[in-house]
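Source file: structure14.txt. Holds: compact mmCIF, C-alpha atoms and all ligand atoms.
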```txt
# COMPACT_ATOMS: atom_id res chain seq x y z
CA MET A 1 -76.66 -23.35 20.89
CA GLU A 2 -75.37 -20.79 18.42
CA PRO A 3 -77.40 -17.53 18.39
CA VAL A 4 -78.59 -16.39 14.93
CA ASP A 5 -80.89 -13.60 13.72
CA LEU A 6 -83.00 -15.63 11.32
CA LEU A 7 -83.66 -19.29 10.62
CA ILE A 8 -85.60 -20.35 7.56
CA ARG A 9 -86.56 -23.97 8.11
CA ASN A 10 -88.47 -26.91 6.66
CA ALA A 11 -88.13 -25.73 3.06
CA ALA A 12 -89.28 -28.41 0.64
CA GLU A 13 -85.96 -27.72 -1.13
CA VAL A 14 -83.01 -25.45 -0.57
CA VAL A 15 -81.22 -24.99 -3.88
CA THR A 16 -77.76 -23.63 -2.99
CA CYS A 17 -76.26 -23.01 -6.50
CA ARG A 18 -72.91 -23.60 -4.79
CA GLY A 19 -69.94 -23.64 -7.17
CA ALA A 20 -66.70 -22.00 -8.25
CA PRO A 21 -66.77 -18.24 -7.46
CA ASP A 22 -65.41 -17.45 -10.94
CA GLY A 23 -68.23 -19.39 -12.57
CA VAL A 24 -69.59 -22.91 -12.79
CA ARG A 25 -68.88 -24.58 -16.11
CA GLY A 26 -68.56 -27.92 -17.86
CA PRO A 27 -70.19 -30.94 -16.25
CA ALA A 28 -70.56 -29.06 -12.93
CA LEU A 29 -73.21 -26.87 -14.58
CA SER A 30 -75.56 -29.84 -14.57
CA ARG A 31 -74.90 -30.74 -10.94
CA LEU A 32 -77.14 -28.57 -8.83
CA GLU A 33 -76.96 -28.97 -5.06
CA VAL A 34 -80.47 -29.42 -3.68
CA ILE A 35 -81.14 -30.04 0.03
CA ALA A 36 -84.50 -31.63 0.80
CA ASP A 37 -86.23 -30.38 4.01
CA GLY A 38 -83.58 -27.68 4.14
CA ALA A 39 -82.78 -24.71 6.32
CA VAL A 40 -80.66 -21.56 6.18
CA ALA A 41 -79.39 -19.61 9.19
CA VAL A 42 -78.47 -15.91 8.99
CA ARG A 43 -76.54 -13.64 11.34
CA ALA A 44 -75.56 -9.98 10.81
CA GLY A 45 -76.58 -10.05 7.15
CA ARG A 46 -74.50 -13.13 6.34
CA ILE A 47 -75.31 -16.79 5.92
CA VAL A 48 -73.92 -18.83 8.81
CA ALA A 49 -75.26 -22.29 8.02
CA VAL A 50 -77.07 -24.20 5.29
CA GLY A 51 -78.25 -27.79 5.64
CA GLU A 52 -81.02 -30.14 6.63
CA SER A 53 -83.58 -28.61 8.97
CA ALA A 54 -83.08 -31.21 11.72
CA ARG A 55 -79.35 -30.53 11.82
CA LEU A 56 -79.70 -26.73 11.95
CA LEU A 57 -82.54 -26.81 14.47
CA ALA A 58 -80.26 -28.77 16.80
CA ARG A 59 -77.47 -26.26 16.38
CA VAL A 60 -78.88 -22.72 16.33
CA GLN A 61 -81.16 -20.55 18.44
CA ALA A 62 -82.92 -18.00 16.23
CA LYS A 63 -84.43 -14.60 17.12
CA GLU A 64 -86.83 -15.01 14.19
CA THR A 65 -87.94 -18.14 12.37
CA ILE A 66 -89.68 -18.52 9.02
CA ASP A 67 -91.42 -21.81 8.34
CA ALA A 68 -90.92 -22.51 4.61
CA THR A 69 -92.93 -25.72 4.52
CA GLY A 70 -93.99 -26.55 0.96
CA ARG A 71 -91.76 -23.83 -0.49
CA LEU A 72 -88.42 -23.53 -2.24
CA VAL A 73 -85.50 -21.43 -0.93
CA SER A 74 -82.82 -20.15 -3.32
CA PRO A 75 -80.15 -17.47 -3.60
CA GLY A 76 -81.35 -14.04 -4.70
CA LEU A 77 -81.14 -13.65 -8.47
CA VAL A 78 -78.35 -11.55 -10.01
CA ASP A 79 -79.05 -9.54 -13.17
CA PRO A 80 -75.70 -8.61 -14.75
CA HIS A 81 -76.85 -6.57 -17.78
CA THR A 82 -79.47 -3.80 -17.75
CA HIS A 83 -80.02 -0.37 -19.26
CA LEU A 84 -81.92 0.63 -16.12
CA VAL A 85 -82.08 4.41 -16.51
CA HIS A 86 -84.05 5.65 -19.52
CA ALA A 87 -87.32 7.33 -20.43
CA GLY A 88 -90.07 6.39 -22.87
CA SER A 89 -91.69 3.25 -24.22
CA ARG A 90 -91.03 1.73 -27.65
CA HIS A 91 -94.17 -0.39 -27.93
CA GLU A 92 -95.27 1.20 -31.20
CA GLU A 93 -92.00 0.45 -32.97
CA TRP A 94 -92.20 -3.13 -31.75
CA GLU A 95 -95.70 -3.74 -33.16
CA ALA A 96 -94.32 -2.88 -36.61
CA ARG A 97 -91.72 -5.62 -36.16
CA VAL A 98 -94.39 -8.10 -35.05
CA LEU A 99 -96.44 -7.33 -38.14
CA GLY A 100 -93.44 -7.36 -40.46
CA ARG A 101 -93.92 -3.68 -41.34
CA PRO A 102 -91.13 -1.14 -41.82
CA PRO A 103 -90.23 0.62 -38.57
CA GLY A 104 -91.66 4.13 -38.17
CA LEU A 105 -89.47 7.15 -37.55
CA ALA A 106 -90.05 7.33 -33.79
CA GLY A 107 -87.91 4.42 -32.72
CA GLY A 108 -84.48 3.04 -32.11
CA ILE A 109 -81.79 3.83 -29.59
CA ARG A 110 -81.52 7.47 -30.67
CA TRP A 111 -85.22 8.03 -29.92
CA THR A 112 -84.72 6.72 -26.38
CA VAL A 113 -81.68 9.01 -26.11
CA GLU A 114 -83.93 11.98 -26.96
CA GLN A 115 -86.61 10.95 -24.47
CA THR A 116 -84.01 10.41 -21.77
CA GLY A 117 -82.39 13.78 -22.48
CA GLU A 118 -85.74 15.55 -22.15
CA ALA A 119 -86.66 13.84 -18.88
CA GLY A 120 -85.71 15.55 -15.62
CA ASP A 121 -83.44 13.97 -13.03
CA ALA A 122 -86.30 13.46 -10.58
CA ALA A 123 -88.48 11.68 -13.16
CA LEU A 124 -85.64 9.37 -14.27
CA THR A 125 -84.82 8.53 -10.67
CA ARG A 126 -88.47 7.89 -9.82
CA LYS A 127 -88.83 5.51 -12.76
CA ALA A 128 -85.57 3.70 -11.94
CA ILE A 129 -86.64 3.22 -8.30
CA ALA A 130 -90.03 1.88 -9.40
CA ASP A 131 -88.23 -0.51 -11.77
CA LEU A 132 -85.89 -1.66 -8.98
CA ASP A 133 -88.98 -2.31 -6.82
CA THR A 134 -90.36 -4.56 -9.57
CA MET A 135 -87.04 -6.33 -10.01
CA LEU A 136 -86.84 -7.00 -6.28
CA ALA A 137 -90.41 -8.25 -6.18
CA HIS A 138 -89.42 -10.76 -8.88
CA GLY A 139 -86.36 -11.94 -6.97
CA THR A 140 -83.41 -9.83 -8.17
CA THR A 141 -81.12 -8.73 -5.32
CA THR A 142 -78.11 -7.44 -7.32
CA VAL A 143 -78.32 -5.65 -10.65
CA GLU A 144 -75.86 -4.13 -13.08
CA ALA A 145 -77.01 -0.80 -14.54
CA LYS A 146 -75.33 0.94 -17.43
CA SER A 147 -75.50 4.41 -18.89
CA GLY A 148 -75.73 4.55 -22.69
CA TYR A 149 -78.78 6.67 -23.47
CA GLY A 150 -76.78 9.89 -23.17
CA LEU A 151 -74.26 9.46 -26.03
CA GLU A 152 -72.77 12.92 -25.42
CA PRO A 153 -70.12 12.67 -22.68
CA GLU A 154 -71.75 15.14 -20.28
CA ARG A 155 -75.07 13.33 -20.71
CA GLU A 156 -73.46 9.94 -20.07
CA LEU A 157 -71.88 11.35 -16.90
CA ARG A 158 -75.28 12.68 -15.84
CA LEU A 159 -76.77 9.19 -16.17
CA LEU A 160 -73.87 7.67 -14.22
CA ARG A 161 -74.44 10.17 -11.40
CA LEU A 162 -78.16 9.32 -11.39
CA ILE A 163 -77.40 5.59 -11.22
CA ARG A 164 -74.88 6.19 -8.43
CA GLY A 165 -77.48 8.18 -6.51
CA LEU A 166 -80.11 5.42 -6.48
CA ARG A 167 -80.91 4.31 -2.94
CA HIS A 168 -82.61 0.93 -2.91
CA PRO A 169 -82.31 -2.50 -1.26
CA VAL A 170 -81.29 -3.97 -4.64
CA GLU A 171 -77.54 -3.45 -4.95
CA VAL A 172 -76.66 -1.58 -8.15
CA VAL A 173 -73.33 -2.14 -9.94
CA VAL A 174 -72.53 0.80 -12.23
CA THR A 175 -71.25 0.56 -15.82
CA TYR A 176 -70.24 3.33 -18.22
CA LEU A 177 -71.50 2.36 -21.68
CA ALA A 178 -68.96 4.51 -23.50
CA ALA A 179 -69.91 3.70 -27.09
CA HIS A 180 -73.51 2.68 -27.83
CA VAL A 181 -74.41 4.29 -31.18
CA LEU A 182 -72.80 7.15 -33.06
CA PRO A 183 -74.65 10.47 -32.66
CA THR A 184 -75.67 11.59 -36.17
CA LYS A 185 -73.65 14.76 -35.96
CA TYR A 186 -70.46 12.66 -35.84
CA ALA A 187 -71.37 10.65 -38.95
CA ALA A 188 -68.51 12.22 -40.90
CA ASP A 189 -65.97 11.95 -38.08
CA ARG A 190 -66.24 8.76 -36.06
CA ALA A 191 -62.71 9.21 -34.73
CA ALA A 192 -63.68 12.49 -33.04
CA TYR A 193 -66.50 10.74 -31.17
CA VAL A 194 -64.27 7.88 -30.06
CA ALA A 195 -61.67 10.43 -28.88
CA ARG A 196 -64.34 12.19 -26.77
CA ALA A 197 -65.40 8.89 -25.23
CA ILE A 198 -61.78 8.21 -24.34
CA GLU A 199 -61.42 11.68 -22.81
CA THR A 200 -64.48 10.97 -20.66
CA VAL A 201 -63.10 7.71 -19.27
CA PRO A 202 -61.12 9.13 -16.29
CA GLU A 203 -64.16 10.97 -14.93
CA ALA A 204 -66.48 8.05 -15.70
CA ALA A 205 -64.08 5.84 -13.75
CA THR A 206 -64.85 7.83 -10.59
CA LEU A 207 -68.54 6.92 -11.00
CA ALA A 208 -68.58 3.48 -12.62
CA GLU A 209 -66.84 0.17 -11.94
CA TYR A 210 -67.13 -1.18 -15.50
CA CYS A 211 -66.73 0.16 -19.01
CA ASP A 212 -68.87 -1.31 -21.79
CA VAL A 213 -69.00 -0.81 -25.58
CA PHE A 214 -71.35 -1.98 -28.34
CA CYS A 215 -68.87 -3.91 -30.50
CA ASP A 216 -71.14 -4.65 -33.42
CA PRO A 217 -71.76 -3.76 -37.06
CA ALA A 218 -74.59 -1.53 -35.75
CA GLY A 219 -72.29 0.06 -33.16
CA PHE A 220 -68.51 0.37 -33.16
CA THR A 221 -65.66 -1.57 -34.73
CA ALA A 222 -63.28 -3.75 -32.75
CA GLY A 223 -60.54 -1.15 -33.32
CA GLU A 224 -62.67 1.71 -31.98
CA CYS A 225 -63.78 -0.40 -29.02
CA ARG A 226 -60.22 -1.50 -28.25
CA ALA A 227 -59.05 2.13 -27.99
CA ILE A 228 -61.84 2.96 -25.51
CA LEU A 229 -61.46 -0.23 -23.48
CA GLU A 230 -57.68 0.13 -23.19
CA ALA A 231 -58.22 3.65 -21.84
CA ALA A 232 -60.71 2.20 -19.35
CA LEU A 233 -58.16 -0.38 -18.21
CA ARG A 234 -55.60 2.41 -17.70
CA SER A 235 -58.17 4.17 -15.48
CA GLY A 236 -58.62 1.02 -13.40
CA MET A 237 -62.04 0.00 -14.76
CA ARG A 238 -63.03 -3.57 -15.52
CA LEU A 239 -64.67 -4.42 -18.82
CA ARG A 240 -67.89 -5.85 -20.20
CA LEU A 241 -68.88 -5.81 -23.86
CA HIS A 242 -71.97 -5.96 -26.01
CA ALA A 243 -70.36 -8.45 -28.38
CA ASP A 244 -71.51 -9.48 -31.84
CA GLN A 245 -75.27 -9.01 -31.38
CA THR A 246 -76.42 -8.08 -34.89
CA GLY A 247 -73.38 -9.38 -36.73
CA ARG A 248 -69.83 -10.54 -36.11
CA ALA A 249 -67.53 -7.61 -35.28
CA GLY A 250 -64.79 -9.38 -33.35
CA GLY A 251 -66.33 -8.43 -30.00
CA ILE A 252 -65.91 -11.83 -28.39
CA GLN A 253 -62.25 -12.08 -29.39
CA LEU A 254 -61.63 -8.54 -28.10
CA ALA A 255 -63.34 -9.34 -24.78
CA THR A 256 -61.19 -12.40 -24.11
CA GLU A 257 -57.99 -10.70 -25.25
CA LEU A 258 -58.52 -7.76 -22.89
CA GLY A 259 -59.61 -10.02 -20.01
CA ALA A 260 -63.14 -8.61 -19.87
CA SER A 261 -65.37 -9.75 -17.03
CA SER A 262 -68.16 -10.45 -19.49
CA ALA A 263 -69.03 -10.68 -23.18
CA ASP A 264 -72.77 -10.27 -23.66
CA HIS A 265 -75.25 -11.16 -26.45
CA LEU A 266 -72.97 -13.47 -28.54
CA GLU A 267 -75.72 -14.08 -31.11
CA HIS A 268 -73.28 -14.12 -34.03
CA ALA A 269 -70.53 -16.17 -32.39
CA ARG A 270 -68.74 -18.58 -34.73
CA GLU A 271 -67.11 -21.80 -33.68
CA GLU A 272 -63.72 -20.13 -33.11
CA ASP A 273 -65.39 -17.56 -30.83
CA VAL A 274 -66.98 -20.36 -28.82
CA VAL A 275 -63.60 -22.05 -28.40
CA GLU A 276 -61.95 -18.73 -27.47
CA LEU A 277 -64.58 -17.87 -24.87
CA ALA A 278 -64.40 -21.34 -23.34
CA SER A 279 -60.65 -21.10 -22.88
CA SER A 280 -60.90 -17.68 -21.19
CA ARG A 281 -62.11 -16.39 -17.82
CA THR A 282 -64.63 -14.08 -19.51
CA VAL A 283 -68.23 -14.95 -18.67
CA GLY A 284 -70.57 -15.16 -21.68
CA VAL A 285 -73.89 -13.48 -20.84
CA LEU A 286 -76.88 -14.82 -22.74
CA LEU A 287 -79.98 -12.65 -23.14
CA PRO A 288 -83.04 -14.76 -23.98
CA GLY A 289 -85.29 -11.73 -23.46
CA VAL A 290 -83.71 -10.26 -26.59
CA THR A 291 -84.12 -13.47 -28.61
CA HIS A 292 -87.78 -13.59 -27.55
CA HIS A 293 -88.63 -9.92 -27.99
CA MET A 294 -86.77 -9.46 -31.28
CA LEU A 295 -88.41 -12.64 -32.62
CA GLU A 296 -84.96 -13.95 -33.45
CA MET A 297 -84.39 -17.58 -32.61
CA VAL A 298 -82.32 -17.30 -35.75
CA PRO A 299 -80.42 -13.99 -35.39
CA GLY A 300 -81.15 -11.62 -38.26
CA LEU A 301 -84.33 -13.47 -39.25
CA SER A 302 -86.84 -10.74 -38.42
CA THR A 303 -84.83 -8.02 -40.14
CA GLY A 304 -83.82 -10.08 -43.16
CA ARG A 305 -80.15 -9.52 -42.22
CA LEU A 306 -79.19 -13.17 -42.31
CA THR A 307 -75.53 -14.03 -42.67
CA ASN A 308 -74.30 -16.94 -44.75
CA PRO A 309 -75.55 -20.35 -43.74
CA PRO A 310 -75.22 -22.11 -41.39
CA TYR A 311 -77.07 -19.42 -39.50
CA PRO A 312 -76.42 -19.10 -35.82
CA TYR A 313 -79.41 -20.83 -34.28
CA MET A 314 -79.75 -19.92 -30.61
CA PRO A 315 -80.40 -23.38 -29.05
CA LEU A 316 -77.46 -24.77 -31.01
CA LEU A 317 -75.19 -21.91 -29.98
CA ALA A 318 -76.17 -22.14 -26.31
CA ARG A 319 -75.46 -25.89 -26.32
CA GLN A 320 -72.13 -25.40 -28.11
CA LEU A 321 -71.10 -22.86 -25.48
CA VAL A 322 -72.07 -25.17 -22.62
CA ASP A 323 -70.36 -28.19 -24.19
CA ALA A 324 -67.19 -26.23 -24.92
CA GLY A 325 -66.95 -25.40 -21.21
CA ALA A 326 -67.68 -21.66 -21.33
CA ARG A 327 -68.67 -19.82 -18.17
CA LEU A 328 -72.21 -18.62 -18.92
CA ALA A 329 -74.69 -16.33 -17.21
CA LEU A 330 -78.18 -14.99 -17.92
CA ALA A 331 -79.40 -11.38 -17.77
CA THR A 332 -82.51 -9.39 -18.68
CA ASP A 333 -80.79 -6.69 -20.81
CA TYR A 334 -83.70 -4.58 -19.56
CA ASN A 335 -84.18 -1.77 -22.09
CA PRO A 336 -87.16 -0.31 -23.99
CA GLY A 337 -86.01 -1.55 -27.42
CA THR A 338 -84.77 -5.11 -27.39
CA SER A 339 -85.84 -6.48 -24.01
CA PRO A 340 -88.46 -4.61 -21.98
CA THR A 341 -88.52 -7.00 -19.03
CA LEU A 342 -87.47 -6.49 -15.42
CA SER A 343 -87.80 -10.13 -14.43
CA MET A 344 -84.90 -12.56 -14.15
CA GLN A 345 -87.57 -15.13 -13.40
CA ALA A 346 -89.01 -14.59 -16.89
CA VAL A 347 -85.49 -14.79 -18.34
CA MET A 348 -84.92 -18.16 -16.64
CA GLN A 349 -88.21 -19.39 -18.09
CA LEU A 350 -87.29 -18.17 -21.57
CA ALA A 351 -83.81 -19.71 -21.37
CA ALA A 352 -85.33 -23.18 -21.09
CA ARG A 353 -87.79 -22.64 -23.89
CA LEU A 354 -85.62 -20.74 -26.35
CA TYR A 355 -82.15 -22.14 -25.63
CA ARG A 356 -83.10 -25.65 -24.45
CA LEU A 357 -81.09 -25.38 -21.25
CA SER A 358 -81.69 -27.62 -18.22
CA TYR A 359 -83.04 -26.47 -14.85
CA ALA A 360 -79.60 -26.98 -13.26
CA GLU A 361 -77.82 -25.01 -15.98
CA ILE A 362 -80.30 -22.15 -15.73
CA TRP A 363 -80.16 -21.90 -11.93
CA HIS A 364 -76.36 -21.65 -11.99
CA MET A 365 -76.46 -19.07 -14.80
CA ALA A 366 -78.94 -16.80 -13.00
CA THR A 367 -77.13 -16.88 -9.64
CA ILE A 368 -73.48 -17.82 -9.07
CA ASN A 369 -72.40 -17.30 -12.70
CA ALA A 370 -74.21 -13.97 -12.98
CA ALA A 371 -72.41 -12.92 -9.77
CA ALA A 372 -69.11 -14.16 -11.26
CA SER A 373 -69.65 -11.99 -14.33
CA LEU A 374 -69.80 -9.02 -11.92
CA ASP A 375 -66.65 -10.24 -10.10
CA ARG A 376 -68.80 -10.89 -7.04
CA GLY A 377 -68.86 -14.68 -6.96
CA GLN A 378 -66.89 -14.63 -3.70
CA ASP A 379 -69.60 -12.95 -1.67
CA ARG A 380 -72.95 -13.73 -3.33
CA GLY A 381 -74.72 -15.88 -5.91
CA SER A 382 -75.00 -19.01 -3.78
CA LEU A 383 -76.17 -20.09 -0.35
CA GLU A 384 -72.92 -20.78 1.50
CA PRO A 385 -71.67 -19.83 4.97
CA GLY A 386 -69.89 -16.46 4.85
CA LYS A 387 -71.79 -15.12 1.85
CA ARG A 388 -74.28 -12.27 1.94
CA ALA A 389 -77.73 -13.37 3.06
CA ASP A 390 -79.37 -12.55 -0.29
CA LEU A 391 -82.02 -15.21 -0.61
CA MET A 392 -85.61 -15.85 -1.44
CA ILE A 393 -88.54 -18.05 -0.66
CA TRP A 394 -90.70 -19.16 -3.58
CA LYS A 395 -94.39 -20.03 -3.65
CA VAL A 396 -93.56 -23.40 -5.24
CA PRO A 397 -91.79 -26.39 -3.67
CA HIS A 398 -89.44 -27.46 -6.48
CA HIS A 399 -86.68 -25.53 -8.29
CA GLY A 400 -87.90 -26.97 -11.60
CA MET A 401 -91.35 -25.45 -11.11
CA VAL A 402 -89.90 -21.93 -11.18
CA ILE A 403 -88.80 -22.60 -14.76
CA ASN A 404 -91.58 -24.89 -15.91
CA ARG A 405 -94.25 -22.32 -15.05
CA PHE A 406 -94.52 -18.97 -16.74
CA GLY A 407 -96.46 -15.75 -16.66
CA THR A 408 -97.04 -15.20 -12.95
CA ASN A 409 -94.70 -14.03 -10.23
CA LEU A 410 -93.73 -17.06 -8.11
CA VAL A 411 -91.77 -15.11 -5.48
CA ASP A 412 -93.04 -15.27 -1.93
CA THR A 413 -90.37 -13.41 0.11
CA VAL A 414 -87.07 -11.73 -0.76
CA ILE A 415 -84.34 -11.22 1.83
CA LYS A 416 -81.44 -8.87 1.03
CA ASP A 417 -78.41 -8.79 3.35
CA GLY A 418 -80.48 -10.62 5.94
CA VAL A 419 -83.37 -8.15 5.83
CA ARG A 420 -86.82 -9.14 4.63
CA THR A 421 -87.65 -6.69 1.83
CA THR A 422 -90.77 -8.11 0.17
CA GLY A 423 -93.32 -10.72 0.89
CA PRO A 424 -96.01 -11.64 3.36
CA GLY A 425 -93.92 -10.42 6.29
CA GLN A 426 -94.01 -6.83 5.03
O1 LIG B 1 -78.41 -4.41 -25.43
N1 LIG B 1 -77.66 -3.39 -28.66
C1 LIG B 1 -77.48 -2.36 -28.06
N2 LIG B 1 -78.13 -1.98 -26.96
C2 LIG B 1 -79.30 -2.54 -26.46
C3 LIG B 1 -80.47 -2.15 -27.23
C4 LIG B 1 -80.86 -0.83 -26.83
C5 LIG B 1 -82.08 -0.31 -27.49
O2 LIG B 1 -82.61 -0.86 -28.47
O3 LIG B 1 -82.51 0.75 -26.97
C6 LIG B 1 -79.19 -4.05 -26.26
O4 LIG B 1 -79.88 -4.84 -26.89
FE FE B 2 -77.67 -4.25 -23.66
```

So, in terms of structure tokens, how does the structure I just supplied come out?
Ligand code: NIG
Ligand code: FE
Amino acid sequence: MEPVDLLIRNAAEVVTCRGAPDGVRGPALSRLEVIADGAVAVRAGRIVAVGESARLLARVQAKETIDATGRLVSPGLVDPHTHLVHAGSRHEEWEARVLGRPPGLAGGIRWTVEQTGEAGDAALTRKAIADLDTMLAHGTTTVEAKSGYGLEPERELRLLRLIRGLRHPVEVVVTYLAAHVLPTKYAADRAAYVARAIETVPEAATLAEYCDVFCDPAGFTAGECRAILEAALRSGMRLRLHADQTGRAGGIQLATELGASSADHLEHAREEDVVELASSRTVGVLLPGVTHHMLEMVPGLSTGRLTNPPYPYMPLLARQLVDAGARLALATDYNPGTSPTLSMQAVMQLAARLYRLSYAEIWHMATINAAASLDRGQDRGSLEPGKRADLMIWKVPHHGMVINRFGTNLVDTVIKDGVRTTGPGQ
């Protein structure tokens, strides 16, 4: 008998989300591996076996056993796009949007930048840790966290240092958001701001793995973004982009051309962008929390900034991306303005409702493909021998129930690197 640290057995279902480490796509997206009466064995923080309970029980001797009868077991969720560190709430600004009223003055990204600048390091860290606790309790075991509410280089570096300093069971992948919005004082000299961002890249590269830019009519042009991203590549960073969220700025094309790990948002993708993304290795990250919170099933609808017909309509775009064979992931985009949610579980539920994606598609997008977008598909994102033991037990027996239900937390127990971090055992 093989000795193991932990055996989870008799799960109604084990959904493995097994698939290509660089992202599941095409017809494979709809083929989800589900093991009935399943079990998972863990040793030294890694998965050593996954299969039917009877087979594993005959093979391993466990120090600790969890009986998962009547419950689902899945990989831990991976959230590959968040603005984790910030201060302040934007609920008042949002009510104006709901009511179709003009936004007040206290709002927008720059307002969050002010709040974040005024908050002390200890307060920002405390809030970020509390948010990571909530994420973990909802099933997230790996999260990307970007700076971006600093704008001034020294303030961006401060945020990167704070993110780097977070100590928490949820693993945090750090991104330097080098160009979010233009500080007003640079309105007359955009080039000077872009030059400062480029000068900051080498130091940011010692703190962050990825460089991100807001390539968008409301952010920076493709030319400005290219200059920053090429500097990031020279400093050894990998790339992710906010691409074409409020209008088409060439962000998707730039992402694929520069070999970015991810292109996120995509709301204003045209057919040629869909084709381009599908023929690249760049993972497209969809953000249904934004669609939901901005009341924009049709991008631009709530602000009256509609482009020429045919409008991008999110369910149609999501289906086009899937059918074209793009690698696709889901993320919260947690931030106080466009998506104030910490829950990948909620995002999975919204993806079905707003984008008309299937259970199988959504499970792959929230696990293995989200890991692939963080270049971590080799060691997490699915339940396979050799991978990190990042997994969770759900209160429901079927993987479809996680998505069909909404509004309550369905997580029972979360295990990160083989260690039980939340749940009844705590
Ligand atoms: O990802 N679009 C740019 N950045 C954020 C929004 C940030 C904010 O509104 O504070 C996003 O949606
Ligand atoms: Fe974002």

#### Entry: Distance in Å - CA of Ile47 in chain A versus CA of Val34 in chain A
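We find that CA of Ile47 in chain A and CA of Val34 in chain A lie 16.7 Å from each other.
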
### Task
Have a look at A:Ala197, A:Arg380, A:Met237, A:Val14 and name the one nearest to His399 in chain A; count only C-alpha atoms.
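Result for the nearest residue to His399 in chain A: A:Val14.
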
Nearby polymer residues, ligand LIG 1 (chain B), at most 10 Å, only C-alpha atoms and all ligand atoms, as a compact mmCIF listing (two decimals) with C-alpha atoms, in the coordinates of the input:
```txt
# COMPACT_ATOMS: atom_id res chain seq x y z
CA HIS A 81 -76.85 -6.57 -17.78
CA THR A 82 -79.47 -3.80 -17.75
CA HIS A 83 -80.02 -0.37 -19.26
CA HIS A 86 -84.05 5.65 -19.52
CA SER A 89 -91.69 3.25 -24.22
CA ARG A 90 -91.03 1.73 -27.65
CA GLY A 107 -87.91 4.42 -32.72
CA GLY A 108 -84.48 3.04 -32.11
CA ILE A 109 -81.79 3.83 -29.59
CA ARG A 110 -81.52 7.47 -30.67
CA TRP A 111 -85.22 8.03 -29.92
CA THR A 112 -84.72 6.72 -26.38
CA VAL A 113 -81.68 9.01 -26.11
CA GLY A 148 -75.73 4.55 -22.69
CA TYR A 149 -78.78 6.67 -23.47
CA LEU A 177 -71.50 2.36 -21.68
CA ALA A 179 -69.91 3.70 -27.09
CA HIS A 180 -73.51 2.68 -27.83
CA VAL A 181 -74.41 4.29 -31.18
CA VAL A 213 -69.00 -0.81 -25.58
CA PHE A 214 -71.35 -1.98 -28.34
CA CYS A 215 -68.87 -3.91 -30.50
CA ASP A 216 -71.14 -4.65 -33.42
CA ALA A 218 -74.59 -1.53 -35.75
CA GLY A 219 -72.29 0.06 -33.16
CA LEU A 241 -68.88 -5.81 -23.86
CA HIS A 242 -71.97 -5.96 -26.01
CA ALA A 243 -70.36 -8.45 -28.38
CA ASP A 244 -71.51 -9.48 -31.84
CA GLN A 245 -75.27 -9.01 -31.38
CA THR A 246 -76.42 -8.08 -34.89
CA ASP A 264 -72.77 -10.27 -23.66
CA HIS A 265 -75.25 -11.16 -26.45
CA LEU A 287 -79.98 -12.65 -23.14
CA GLY A 289 -85.29 -11.73 -23.46
CA VAL A 290 -83.71 -10.26 -26.59
CA THR A 291 -84.12 -13.47 -28.61
CA MET A 294 -86.77 -9.46 -31.28
CA THR A 332 -82.51 -9.39 -18.68
CA ASP A 333 -80.79 -6.69 -20.81
CA TYR A 334 -83.70 -4.58 -19.56
CA ASN A 335 -84.18 -1.77 -22.09
CA PRO A 336 -87.16 -0.31 -23.99
CA GLY A 337 -86.01 -1.55 -27.42
CA THR A 338 -84.77 -5.11 -27.39
CA SER A 339 -85.84 -6.48 -24.01
CA PRO A 340 -88.46 -4.61 -21.98
```

### Query
Quick one: distance from CA of Ile129 in chain A to CA of Lys416 in chain A in Å, one decimal?
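Going from CA of Ile129 in chain A over to CA of Lys416 in chain A covers 16.1 Å.
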
#### Entry: Spatial neighbours of Met1 in chain A, max dist 6 Å, only C-alpha atoms, sep filter under 2 positions, as a PyMOL selection string
chain A and resi 59-61

### Test item: residues at most 10 Å from Val98 in chain A, all atoms listed in the file, excluding those fewer than 6 positions along its chain, as a list in words
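Here the qualifying residues turn out to be His293, Met294, Leu295 and Ser302 of chain A.
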
Could the residues in this selection be saved with C-alpha atoms as a PDB file, keeping the file's coordinate frame?
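The resulting file, again_37.pdb, is shown below:
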```pdb
ATOM      1  CA  HIS A 293     -88.630  -9.920 -27.990  1.00  0.00           C
ATOM      2  CA  MET A 294     -86.770  -9.460 -31.280  1.00  0.00           C
ATOM      3  CA  LEU A 295     -88.410 -12.640 -32.620  1.00  0.00           C
ATOM      4  CA  SER A 302     -86.840 -10.740 -38.420  1.00  0.00           C
TER       5      SER A 302
END
```

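Residues lying within 9 Å of Glu156 in chain A, counting all atoms listed in the file and ignoring same-chain neighbours fewer than 4 positions away, are Ser147, Gly148, Tyr149, Gly150, Leu151, Glu152, Leu160, Arg161, Tyr176, Leu177, Ala178 and Ala204 of chain A.
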
### Query
Rounded to one decimal in Å, what is the spacing between CA of Ala389 in chain A and CA of Val322 in chain A?
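Rounded to one decimal, the two atoms are 28.8 Å apart.
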
Nearby residues, (-89.0, -31.1, 1.0) file frame, 7 Å, only C-alpha atoms, as an mmCIF file with C-alpha atoms, keeping the file's coordinate frame:
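File selection35.cif, as written:
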```cif
data_model
loop_
_atom_site.group_PDB
_atom_site.id
_atom_site.type_symbol
_atom_site.label_atom_id
_atom_site.label_comp_id
_atom_site.auth_asym_id
_atom_site.auth_seq_id
_atom_site.Cartn_x
_atom_site.Cartn_y
_atom_site.Cartn_z
ATOM 1 C CA ALA A 11 -88.130 -25.730 3.060
ATOM 2 C CA ALA A 12 -89.280 -28.410 0.640
ATOM 3 C CA GLU A 13 -85.960 -27.720 -1.130
ATOM 4 C CA ALA A 36 -84.500 -31.630 0.800
ATOM 5 C CA ASP A 37 -86.230 -30.380 4.010
ATOM 6 C CA GLY A 70 -93.990 -26.550 0.960
#
```
